[in-house]
file my_file_8.tsv (TSV, C-alpha atoms)
chain	number	residue	atom	x	y	z
A	118	MET	CA	66.86	126.89	160.77
A	119	ASP	CA	66.73	123.56	158.98
A	120	ASN	CA	63.98	121.02	158.52
A	121	LEU	CA	64.26	117.29	159.14
A	122	PHE	CA	62.19	116.46	156.09
A	123	ALA	CA	63.88	118.86	153.69
A	124	ALA	CA	67.13	118.85	151.73
A	125	ILE	CA	67.05	115.13	151.12
A	126	PRO	CA	68.75	114.30	147.82
A	127	ALA	CA	66.70	112.41	145.24
A	128	GLY	CA	67.77	109.02	143.97
A	129	LEU	CA	69.74	107.96	147.01
A	130	GLY	CA	71.45	104.63	146.48
A	131	GLU	CA	72.74	104.31	150.01
A	132	GLU	CA	71.59	105.42	153.40
A	133	TRP	CA	72.03	109.14	153.89
A	134	ILE	CA	73.32	110.15	157.30
A	135	GLU	CA	73.85	113.69	158.53
A	136	THR	CA	74.70	115.11	161.91
A	137	MET	CA	72.05	117.62	162.98
A	138	ALA	CA	73.74	118.64	166.22
A	139	ALA	CA	76.50	117.35	168.46
A	140	GLY	CA	78.17	118.00	171.78
A	141	PRO	CA	80.62	116.24	174.07
A	142	GLY	CA	79.71	112.54	173.92
A	143	VAL	CA	76.39	113.14	172.13
A	144	ARG	CA	75.32	113.26	168.48
A	145	VAL	CA	71.94	113.82	166.87
A	146	GLU	CA	71.68	112.28	163.41
A	147	ARG	CA	69.14	112.23	160.65
A	148	ILE	CA	69.21	108.97	158.74
A	149	VAL	CA	67.34	108.59	155.49
A	150	SER	CA	66.79	105.04	154.27
A	151	THR	CA	65.32	104.20	150.90
A	152	GLY	CA	64.73	100.50	151.14
A	153	GLN	CA	68.18	99.51	152.41
A	154	VAL	CA	68.50	96.65	154.88
A	155	SER	CA	71.48	95.19	156.70
A	156	PRO	CA	73.57	92.75	154.68
A	157	GLU	CA	72.82	89.06	155.33
A	158	GLY	CA	74.53	87.96	158.52
A	159	PHE	CA	75.62	91.47	159.52
A	160	TRP	CA	74.84	92.67	163.04
A	161	TYR	CA	75.29	96.16	164.39
A	162	ASP	CA	77.20	95.96	167.64
A	163	GLN	CA	77.66	99.52	168.87
A	164	ALA	CA	79.84	100.96	171.59
A	165	GLN	CA	77.45	103.89	172.15
A	166	ALA	CA	73.85	103.93	173.26
A	167	GLU	CA	71.42	104.82	170.48
A	168	TRP	CA	67.91	106.13	170.86
A	169	VAL	CA	66.12	106.02	167.55
A	170	VAL	CA	62.72	107.12	166.29
A	171	VAL	CA	61.08	106.76	162.88
A	172	LEU	CA	59.63	110.10	161.73
A	173	GLU	CA	58.56	109.14	158.24
A	174	GLY	CA	58.04	105.79	156.56
A	175	GLU	CA	58.45	102.46	158.30
A	176	ALA	CA	61.23	100.13	159.34
A	177	ARG	CA	61.83	96.80	160.98
A	178	LEU	CA	64.55	96.00	163.44
A	179	ARG	CA	65.73	92.53	164.40
A	180	PHE	CA	67.45	92.05	167.72
A	181	ALA	CA	69.62	89.01	168.33
A	182	ASP	CA	67.92	88.62	171.70
A	183	MET	CA	64.32	88.81	170.45
A	184	ALA	CA	62.27	86.17	168.64
A	185	HIS	CA	60.32	88.63	166.49
A	186	ASP	CA	61.21	91.69	164.47
A	187	LEU	CA	60.09	95.08	165.75
A	188	THR	CA	58.12	97.15	163.25
A	189	LEU	CA	58.55	100.88	163.75
A	190	GLY	CA	55.97	103.23	162.30
A	191	VAL	CA	55.95	107.01	162.53
A	192	GLY	CA	56.71	108.09	166.09
A	193	ASP	CA	57.81	104.68	167.33
A	194	HIS	CA	61.06	104.84	169.23
A	195	VAL	CA	63.43	102.40	170.83
A	196	LEU	CA	66.56	102.57	172.94
A	197	ILE	CA	69.38	100.33	171.76
A	198	ALA	CA	71.82	99.65	174.56
A	199	PRO	CA	75.52	99.42	173.75
A	200	GLY	CA	76.44	95.96	172.55
A	201	ARG	CA	72.87	94.92	171.80
A	202	ARG	CA	73.19	93.23	168.43
A	203	HIS	CA	70.62	94.20	165.84
A	204	GLN	CA	69.89	94.37	162.13
A	205	VAL	CA	67.64	96.48	159.95
A	206	THR	CA	65.42	94.02	158.08
A	207	TYR	CA	63.15	96.46	156.27
A	208	THR	CA	62.89	100.14	155.42
A	209	ALA	CA	60.20	101.82	153.38
A	210	ASP	CA	61.12	103.64	150.17
A	211	ARG	CA	61.60	106.80	152.17
A	212	THR	CA	62.21	106.34	155.84
A	213	VAL	CA	63.43	109.24	157.97
A	214	TRP	CA	64.96	108.28	161.30
A	215	LEU	CA	66.24	110.50	164.03
A	216	ALA	CA	68.98	108.92	166.10
A	217	VAL	CA	70.55	110.23	169.28
A	218	TRP	CA	73.86	108.66	170.24
A	219	TRP	CA	75.71	109.00	173.47
A	220	THR	CA	78.62	107.53	175.32
A	221	ALA	CA	77.07	105.32	177.99
B	249	MET	CA	58.31	100.32	172.26
B	250	ASP	CA	56.60	103.66	172.74
B	251	ASN	CA	55.31	106.24	170.31
B	252	LEU	CA	56.04	109.96	170.42
B	253	PHE	CA	52.50	110.83	169.42
B	254	ALA	CA	50.71	108.45	171.76
B	255	ALA	CA	49.88	108.42	175.46
B	256	ILE	CA	49.34	112.16	175.61
B	257	PRO	CA	46.76	112.99	178.27
B	258	ALA	CA	43.69	114.94	177.17
B	259	GLY	CA	42.87	118.34	178.63
B	260	LEU	CA	46.39	119.33	179.54
B	261	GLY	CA	46.48	122.65	181.36
B	262	GLU	CA	50.24	122.92	181.49
B	263	GLU	CA	53.08	121.79	179.30
B	264	TRP	CA	53.62	118.05	179.53
B	265	ILE	CA	57.25	116.99	179.66
B	266	GLU	CA	58.53	113.43	179.75
B	267	THR	CA	61.99	111.96	179.47
B	268	MET	CA	62.12	109.47	176.60
B	269	ALA	CA	65.70	108.41	177.18
B	270	ALA	CA	68.72	109.61	179.10
B	271	GLY	CA	72.38	108.91	179.63
B	272	PRO	CA	75.36	110.59	181.27
B	273	GLY	CA	74.99	114.31	180.51
B	274	VAL	CA	72.24	113.79	177.91
B	275	ARG	CA	68.44	113.71	178.03
B	276	VAL	CA	65.82	113.22	175.32
B	277	GLU	CA	62.50	114.83	176.18
B	278	ARG	CA	59.09	114.91	174.63
B	279	ILE	CA	57.35	118.20	175.33
B	280	VAL	CA	53.66	118.65	174.58
B	281	SER	CA	52.40	122.23	174.49
B	282	THR	CA	48.74	123.10	174.16
B	283	GLY	CA	48.83	126.83	173.57
B	284	GLN	CA	51.16	127.75	176.44
B	285	VAL	CA	53.64	130.57	176.01
B	286	SER	CA	56.32	131.98	178.28
B	287	PRO	CA	55.10	134.42	180.92
B	288	GLU	CA	55.53	138.10	180.05
B	289	GLY	CA	59.13	139.15	180.68
B	290	PHE	CA	60.34	135.61	181.36
B	291	TRP	CA	63.43	134.38	179.52
B	292	TYR	CA	64.80	130.87	179.47
B	293	ASP	CA	68.50	131.00	180.27
B	294	GLN	CA	69.75	127.44	180.29
B	295	ALA	CA	72.99	125.93	181.47
B	296	GLN	CA	72.73	123.04	179.01
B	297	ALA	CA	72.66	123.02	175.23
B	298	GLU	CA	69.23	122.21	173.79
B	299	TRP	CA	68.48	120.94	170.30
B	300	VAL	CA	64.77	121.11	169.66
B	301	VAL	CA	62.49	120.08	166.81
B	302	VAL	CA	58.74	120.49	166.33
B	303	LEU	CA	57.14	117.19	165.30
B	304	GLU	CA	53.49	118.20	165.39
B	305	GLY	CA	51.79	121.58	165.47
B	306	GLU	CA	53.62	124.88	165.32
B	307	ALA	CA	55.52	127.16	167.67
B	308	ARG	CA	57.32	130.47	167.75
B	309	LEU	CA	60.53	131.20	169.57
B	310	ARG	CA	61.86	134.64	170.43
B	311	PHE	CA	65.56	135.06	171.02
B	312	ALA	CA	66.85	138.06	172.92
B	313	ASP	CA	69.54	138.43	170.25
B	314	MET	CA	67.21	138.33	167.24
B	315	ALA	CA	64.88	141.00	165.89
B	316	HIS	CA	62.19	138.59	164.69
B	317	ASP	CA	60.52	135.53	166.13
B	318	LEU	CA	61.33	132.17	164.63
B	319	THR	CA	58.32	130.15	163.52
B	320	LEU	CA	58.85	126.40	163.73
B	321	GLY	CA	56.62	124.10	161.72
B	322	VAL	CA	56.79	120.33	161.58
B	323	GLY	CA	60.39	119.19	161.17
B	324	ASP	CA	61.96	122.58	161.86
B	325	HIS	CA	64.80	122.35	164.34
B	326	VAL	CA	67.10	124.73	166.10
B	327	LEU	CA	70.07	124.50	168.42
B	328	ILE	CA	69.88	126.71	171.48
B	329	ALA	CA	73.31	127.30	172.93
B	330	PRO	CA	73.72	127.48	176.72
B	331	GLY	CA	72.90	130.96	178.00
B	332	ARG	CA	71.10	132.06	174.86
B	333	ARG	CA	68.01	133.78	176.25
B	334	HIS	CA	64.73	132.87	174.60
B	335	GLN	CA	60.99	132.78	175.08
B	336	VAL	CA	58.18	130.72	173.61
B	337	THR	CA	55.74	133.23	172.10
B	338	TYR	CA	53.26	130.83	170.49
B	339	THR	CA	52.33	127.17	170.48
B	340	ALA	CA	49.51	125.54	168.55
B	341	ASP	CA	46.74	123.74	170.43
B	342	ARG	CA	48.73	120.56	170.21
B	343	THR	CA	52.42	120.97	169.63
B	344	VAL	CA	54.78	118.03	170.09
B	345	TRP	CA	58.44	118.93	170.50
B	346	LEU	CA	61.40	116.68	170.83
B	347	ALA	CA	64.25	118.19	172.79
B	348	VAL	CA	67.74	116.81	173.27
B	349	TRP	CA	69.71	118.33	176.14
B	350	TRP	CA	73.36	117.92	176.86
B	351	THR	CA	76.05	119.32	179.06
B	352	ALA	CA	78.12	121.51	176.76

call {"tool": "encode", "arguments": {"input": "my_file_8.tsv", "output": "structure tokens"}}
result
Amino acid sequence: MDNLFAAIPAGLGEEWIETMAAGPGVRVERIVSTGQVSPEGFWYDQAQAEWVVVLEGEARLRFADMAHDLTLGVGDHVLIAPGRRHQVTYTADRTVWLAVWWTA
Amino acid sequence: MDNLFAAIPAGLGEEWIETMAAGPGVRVERIVSTGQVSPEGFWYDQAQAEWVVVLEGEARLRFADMAHDLTLGVGDHVLIAPGRRHQVTYTADRTVWLAVWWTA
């Protein structure tokens, strides 16, 4: 048995992504951010659906189709449909996300 | 945007299960337990794979193939393969689980 908040390396320079579980067409990931944001002008544009929740820390998402950023605190979750362009504009020093991906 | 720890009715008598997101062959559920356990002699025997994590509270799982119960605190997660018989033997007064189900 593992813990979502344990076994996180110290001094991470980049986002730390690990698969917690996976099956046919589905993947559960833990993502640890430590202040990283998307590069200027970069937009995620994903083929799979992504449901994501912040479990520790805080983050902001910008969607190309929304006027204002979305601030996600602990427990806040959002479904990102395939092809919906978005950026990460803020992450707290230690932000733990859980993401569930599937082929839509 | 919704929050995993919000909009939980007070005075729940039974487990409270809601689908947070779903796609083809996959479902993300929030389960709120308030002390419920499996009935004596009842075993879950599921056709789908279930990955489950405790996000608030505490719970114990008993697997038919294990000698000792598994205690899950906040962040602890476990993958339950299809057909692996198990029971819930304890849940704290307010236990919030996140479960991801998929067709294996």

call {"tool": "interface_residues", "arguments": {"input": "my_file_8.tsv", "of": "chain A", "to": "chain B", "cutoff": "10 Å", "atoms": "all atoms listed in the file", "output": "ChimeraX atom specification"}}
result
/A:118-123,137-145,166-172,187-196,217-221

call {"tool": "write_last_selection", "arguments": {"input": "my_file_8.tsv", "atoms": "C-alpha atoms", "output": "PDB file, in the frame of the given file"}}
result
ATOM      1  CA  MET A 118      66.860 126.890 160.770  1.00  0.00           C
ATOM      2  CA  ASP A 119      66.730 123.560 158.980  1.00  0.00           C
ATOM      3  CA  ASN A 120      63.980 121.020 158.520  1.00  0.00           C
ATOM      4  CA  LEU A 121      64.260 117.290 159.140  1.00  0.00           C
ATOM      5  CA  PHE A 122      62.190 116.460 156.090  1.00  0.00           C
ATOM      6  CA  ALA A 123      63.880 118.860 153.690  1.00  0.00           C
ATOM      7  CA  MET A 137      72.050 117.620 162.980  1.00  0.00           C
ATOM      8  CA  ALA A 138      73.740 118.640 166.220  1.00  0.00           C
ATOM      9  CA  ALA A 139      76.500 117.350 168.460  1.00  0.00           C
ATOM     10  CA  GLY A 140      78.170 118.000 171.780  1.00  0.00           C
ATOM     11  CA  PRO A 141      80.620 116.240 174.070  1.00  0.00           C
ATOM     12  CA  GLY A 142      79.710 112.540 173.920  1.00  0.00           C
ATOM     13  CA  VAL A 143      76.390 113.140 172.130  1.00  0.00           C
ATOM     14  CA  ARG A 144      75.320 113.260 168.480  1.00  0.00           C
ATOM     15  CA  VAL A 145      71.940 113.820 166.870  1.00  0.00           C
ATOM     16  CA  ALA A 166      73.850 103.930 173.260  1.00  0.00           C
ATOM     17  CA  GLU A 167      71.420 104.820 170.480  1.00  0.00           C
ATOM     18  CA  TRP A 168      67.910 106.130 170.860  1.00  0.00           C
ATOM     19  CA  VAL A 169      66.120 106.020 167.550  1.00  0.00           C
ATOM     20  CA  VAL A 170      62.720 107.120 166.290  1.00  0.00           C
ATOM     21  CA  VAL A 171      61.080 106.760 162.880  1.00  0.00           C
ATOM     22  CA  LEU A 172      59.630 110.100 161.730  1.00  0.00           C
ATOM     23  CA  LEU A 187      60.090  95.080 165.750  1.00  0.00           C
ATOM     24  CA  THR A 188      58.120  97.150 163.250  1.00  0.00           C
ATOM     25  CA  LEU A 189      58.550 100.880 163.750  1.00  0.00           C
ATOM     26  CA  GLY A 190      55.970 103.230 162.300  1.00  0.00           C
ATOM     27  CA  VAL A 191      55.950 107.010 162.530  1.00  0.00           C
ATOM     28  CA  GLY A 192      56.710 108.090 166.090  1.00  0.00           C
ATOM     29  CA  ASP A 193      57.810 104.680 167.330  1.00  0.00           C
ATOM     30  CA  HIS A 194      61.060 104.840 169.230  1.00  0.00           C
ATOM     31  CA  VAL A 195      63.430 102.400 170.830  1.00  0.00           C
ATOM     32  CA  LEU A 196      66.560 102.570 172.940  1.00  0.00           C
ATOM     33  CA  VAL A 217      70.550 110.230 169.280  1.00  0.00           C
ATOM     34  CA  TRP A 218      73.860 108.660 170.240  1.00  0.00           C
ATOM     35  CA  TRP A 219      75.710 109.000 173.470  1.00  0.00           C
ATOM     36  CA  THR A 220      78.620 107.530 175.320  1.00  0.00           C
ATOM     37  CA  ALA A 221      77.070 105.320 177.990  1.00  0.00           C
TER      38      ALA A 221
END

call {"tool": "residues_near_point", "arguments": {"input": "my_file_8.tsv", "point": "(67.0, 105.8, 149.3)", "cutoff": "7 Å", "atoms": "all atoms listed in the file", "output": "PyMOL selection string"}}
result
chain A and resi 128-132+149-152+210-211

call {"tool": "atom_distance", "arguments": {"input": "my_file_8.tsv", "atom1": "CA of His203 in chain A", "atom2": "CA of Glu135 in chain A"}}
result
21.1 Å

call {"tool": "atom_distance", "arguments": {"input": "my_file_8.tsv", "atom1": "CA of Arg179 in chain A", "atom2": "CA of Ala347 in chain B"}}
result
27.0 Å

call {"tool": "axis_aligned_box", "arguments": {"input": "my_file_8.tsv", "around": "range 152-167 of chain A", "padding_each_side": "4 Å", "output": "lines of an AutoDock Vina configuration file"}}
result
center_x = 72.3
center_y = 96.4
center_z = 162.2
size_x = 23.1
size_y = 24.9
size_z = 30.1

call {"tool": "atom_distance", "arguments": {"input": "my_file_8.tsv", "atom1": "CA of Thr339 in chain B", "atom2": "CA of Ala312 in chain B"}}
result
18.3 Å

call {"tool": "closest_residue", "arguments": {"input": "my_file_8.tsv", "among": "B:Tyr292, B:Arg308, B:Ala255, B:Ile265", "to": "Thr337 in chain B", "atoms": "all atoms listed in the file"}}
result
B:Arg308

call {"tool": "closest_residue", "arguments": {"input": "my_file_8.tsv", "among": "B:Ala329, B:Trp345, B:Thr267, B:Leu309", "to": "Ser286 in chain B", "atoms": "only C-alpha atoms"}}
result
B:Leu309

call {"tool": "build_atoms", "arguments": {"input": "my_file_8.tsv", "residues": "range 310-321 of chain B", "atoms": "all heavy atoms", "output": "JSON list (two decimals), keeping the file's coordinate frame"}}
result
[["chain", "number", "residue", "atom", "x", "y", "z"],
["B", 310, "ARG", "N", 61.23, 133.31, 170.47],
["B", 310, "ARG", "CA", 61.86, 134.64, 170.43],
["B", 310, "ARG", "C", 63.21, 134.55, 171.12],
["B", 310, "ARG", "O", 63.31, 134.05, 172.24],
["B", 310, "ARG", "CB", 60.97, 135.66, 171.15],
["B", 310, "ARG", "CG", 61.53, 137.08, 171.17],
["B", 310, "ARG", "CD", 60.47, 138.07, 171.66],
["B", 310, "ARG", "NE", 59.32, 138.06, 170.74],
["B", 310, "ARG", "CZ", 58.13, 138.58, 171.04],
["B", 310, "ARG", "NH1", 57.92, 139.14, 172.22],
["B", 310, "ARG", "NH2", 57.15, 138.53, 170.15],
["B", 311, "PHE", "N", 64.23, 135.01, 170.43],
["B", 311, "PHE", "CA", 65.56, 135.06, 171.02],
["B", 311, "PHE", "C", 65.89, 136.50, 171.35],
["B", 311, "PHE", "O", 65.61, 137.41, 170.56],
["B", 311, "PHE", "CB", 66.60, 134.48, 170.05],
["B", 311, "PHE", "CG", 66.46, 133.00, 169.85],
["B", 311, "PHE", "CD1", 65.67, 132.49, 168.84],
["B", 311, "PHE", "CD2", 67.10, 132.11, 170.70],
["B", 311, "PHE", "CE1", 65.52, 131.11, 168.66],
["B", 311, "PHE", "CE2", 66.96, 130.74, 170.54],
["B", 311, "PHE", "CZ", 66.17, 130.24, 169.52],
["B", 312, "ALA", "N", 66.50, 136.70, 172.49],
["B", 312, "ALA", "CA", 66.85, 138.06, 172.92],
["B", 312, "ALA", "C", 67.81, 138.72, 171.93],
["B", 312, "ALA", "O", 67.84, 139.94, 171.82],
["B", 312, "ALA", "CB", 67.47, 138.02, 174.32],
["B", 313, "ASP", "N", 68.54, 137.89, 171.17],
["B", 313, "ASP", "CA", 69.54, 138.43, 170.25],
["B", 313, "ASP", "C", 69.04, 138.48, 168.79],
["B", 313, "ASP", "O", 69.83, 138.68, 167.87],
["B", 313, "ASP", "CB", 70.85, 137.64, 170.34],
["B", 313, "ASP", "CG", 70.66, 136.16, 170.02],
["B", 313, "ASP", "OD1", 69.57, 135.78, 169.54],
["B", 313, "ASP", "OD2", 71.61, 135.38, 170.26],
["B", 314, "MET", "N", 67.75, 138.28, 168.61],
["B", 314, "MET", "CA", 67.21, 138.33, 167.24],
["B", 314, "MET", "C", 66.04, 139.30, 167.16],
["B", 314, "MET", "O", 65.22, 139.38, 168.08],
["B", 314, "MET", "CB", 66.72, 136.94, 166.80],
["B", 314, "MET", "CG", 67.83, 136.00, 166.37],
["B", 314, "MET", "SD", 67.15, 134.38, 165.90],
["B", 314, "MET", "CE", 66.10, 134.82, 164.51],
["B", 315, "ALA", "N", 65.93, 139.99, 166.04],
["B", 315, "ALA", "CA", 64.88, 141.00, 165.89],
["B", 315, "ALA", "C", 63.51, 140.37, 165.68],
["B", 315, "ALA", "O", 62.49, 140.92, 166.09],
["B", 315, "ALA", "CB", 65.21, 141.92, 164.71],
["B", 316, "HIS", "N", 63.48, 139.19, 165.05],
["B", 316, "HIS", "CA", 62.19, 138.59, 164.69],
["B", 316, "HIS", "C", 62.04, 137.21, 165.30],
["B", 316, "HIS", "O", 63.01, 136.48, 165.45],
["B", 316, "HIS", "CB", 62.06, 138.51, 163.17],
["B", 316, "HIS", "CG", 62.15, 139.84, 162.50],
["B", 316, "HIS", "ND1", 61.13, 140.77, 162.55],
["B", 316, "HIS", "CD2", 63.15, 140.42, 161.80],
["B", 316, "HIS", "CE1", 61.50, 141.86, 161.89],
["B", 316, "HIS", "NE2", 62.73, 141.68, 161.43],
["B", 317, "ASP", "N", 60.80, 136.87, 165.62],
["B", 317, "ASP", "CA", 60.52, 135.53, 166.13],
["B", 317, "ASP", "C", 60.80, 134.50, 165.05],
["B", 317, "ASP", "O", 60.73, 134.77, 163.86],
["B", 317, "ASP", "CB", 59.05, 135.41, 166.55],
["B", 317, "ASP", "CG", 58.77, 136.20, 167.83],
["B", 317, "ASP", "OD1", 59.65, 136.96, 168.27],
["B", 317, "ASP", "OD2", 57.65, 136.04, 168.36],
["B", 318, "LEU", "N", 61.08, 133.31, 165.51],
["B", 318, "LEU", "CA", 61.33, 132.17, 164.63],
["B", 318, "LEU", "C", 60.10, 131.27, 164.69],
["B", 318, "LEU", "O", 59.72, 130.82, 165.77],
["B", 318, "LEU", "CB", 62.55, 131.42, 165.17],
["B", 318, "LEU", "CG", 63.47, 130.66, 164.23],
["B", 318, "LEU", "CD1", 64.04, 131.57, 163.14],
["B", 318, "LEU", "CD2", 64.60, 130.05, 165.04],
["B", 319, "THR", "N", 59.47, 131.05, 163.55],
["B", 319, "THR", "CA", 58.32, 130.15, 163.52],
["B", 319, "THR", "C", 58.78, 128.75, 163.13],
["B", 319, "THR", "O", 59.44, 128.57, 162.12],
["B", 319, "THR", "CB", 57.26, 130.64, 162.52],
["B", 319, "THR", "OG1", 56.81, 131.94, 162.92],
["B", 319, "THR", "CG2", 56.08, 129.69, 162.47],
["B", 320, "LEU", "N", 58.45, 127.79, 163.97],
["B", 320, "LEU", "CA", 58.85, 126.40, 163.73],
["B", 320, "LEU", "C", 57.63, 125.58, 163.35],
["B", 320, "LEU", "O", 56.69, 125.44, 164.15],
["B", 320, "LEU", "CB", 59.50, 125.78, 164.97],
["B", 320, "LEU", "CG", 60.94, 126.19, 165.28],
["B", 320, "LEU", "CD1", 60.99, 127.52, 165.98],
["B", 320, "LEU", "CD2", 61.62, 125.13, 166.14],
["B", 321, "GLY", "N", 57.63, 125.06, 162.14],
["B", 321, "GLY", "CA", 56.62, 124.10, 161.72],
["B", 321, "GLY", "C", 57.16, 122.69, 161.89],
["B", 321, "GLY", "O", 58.26, 122.49, 162.43]]
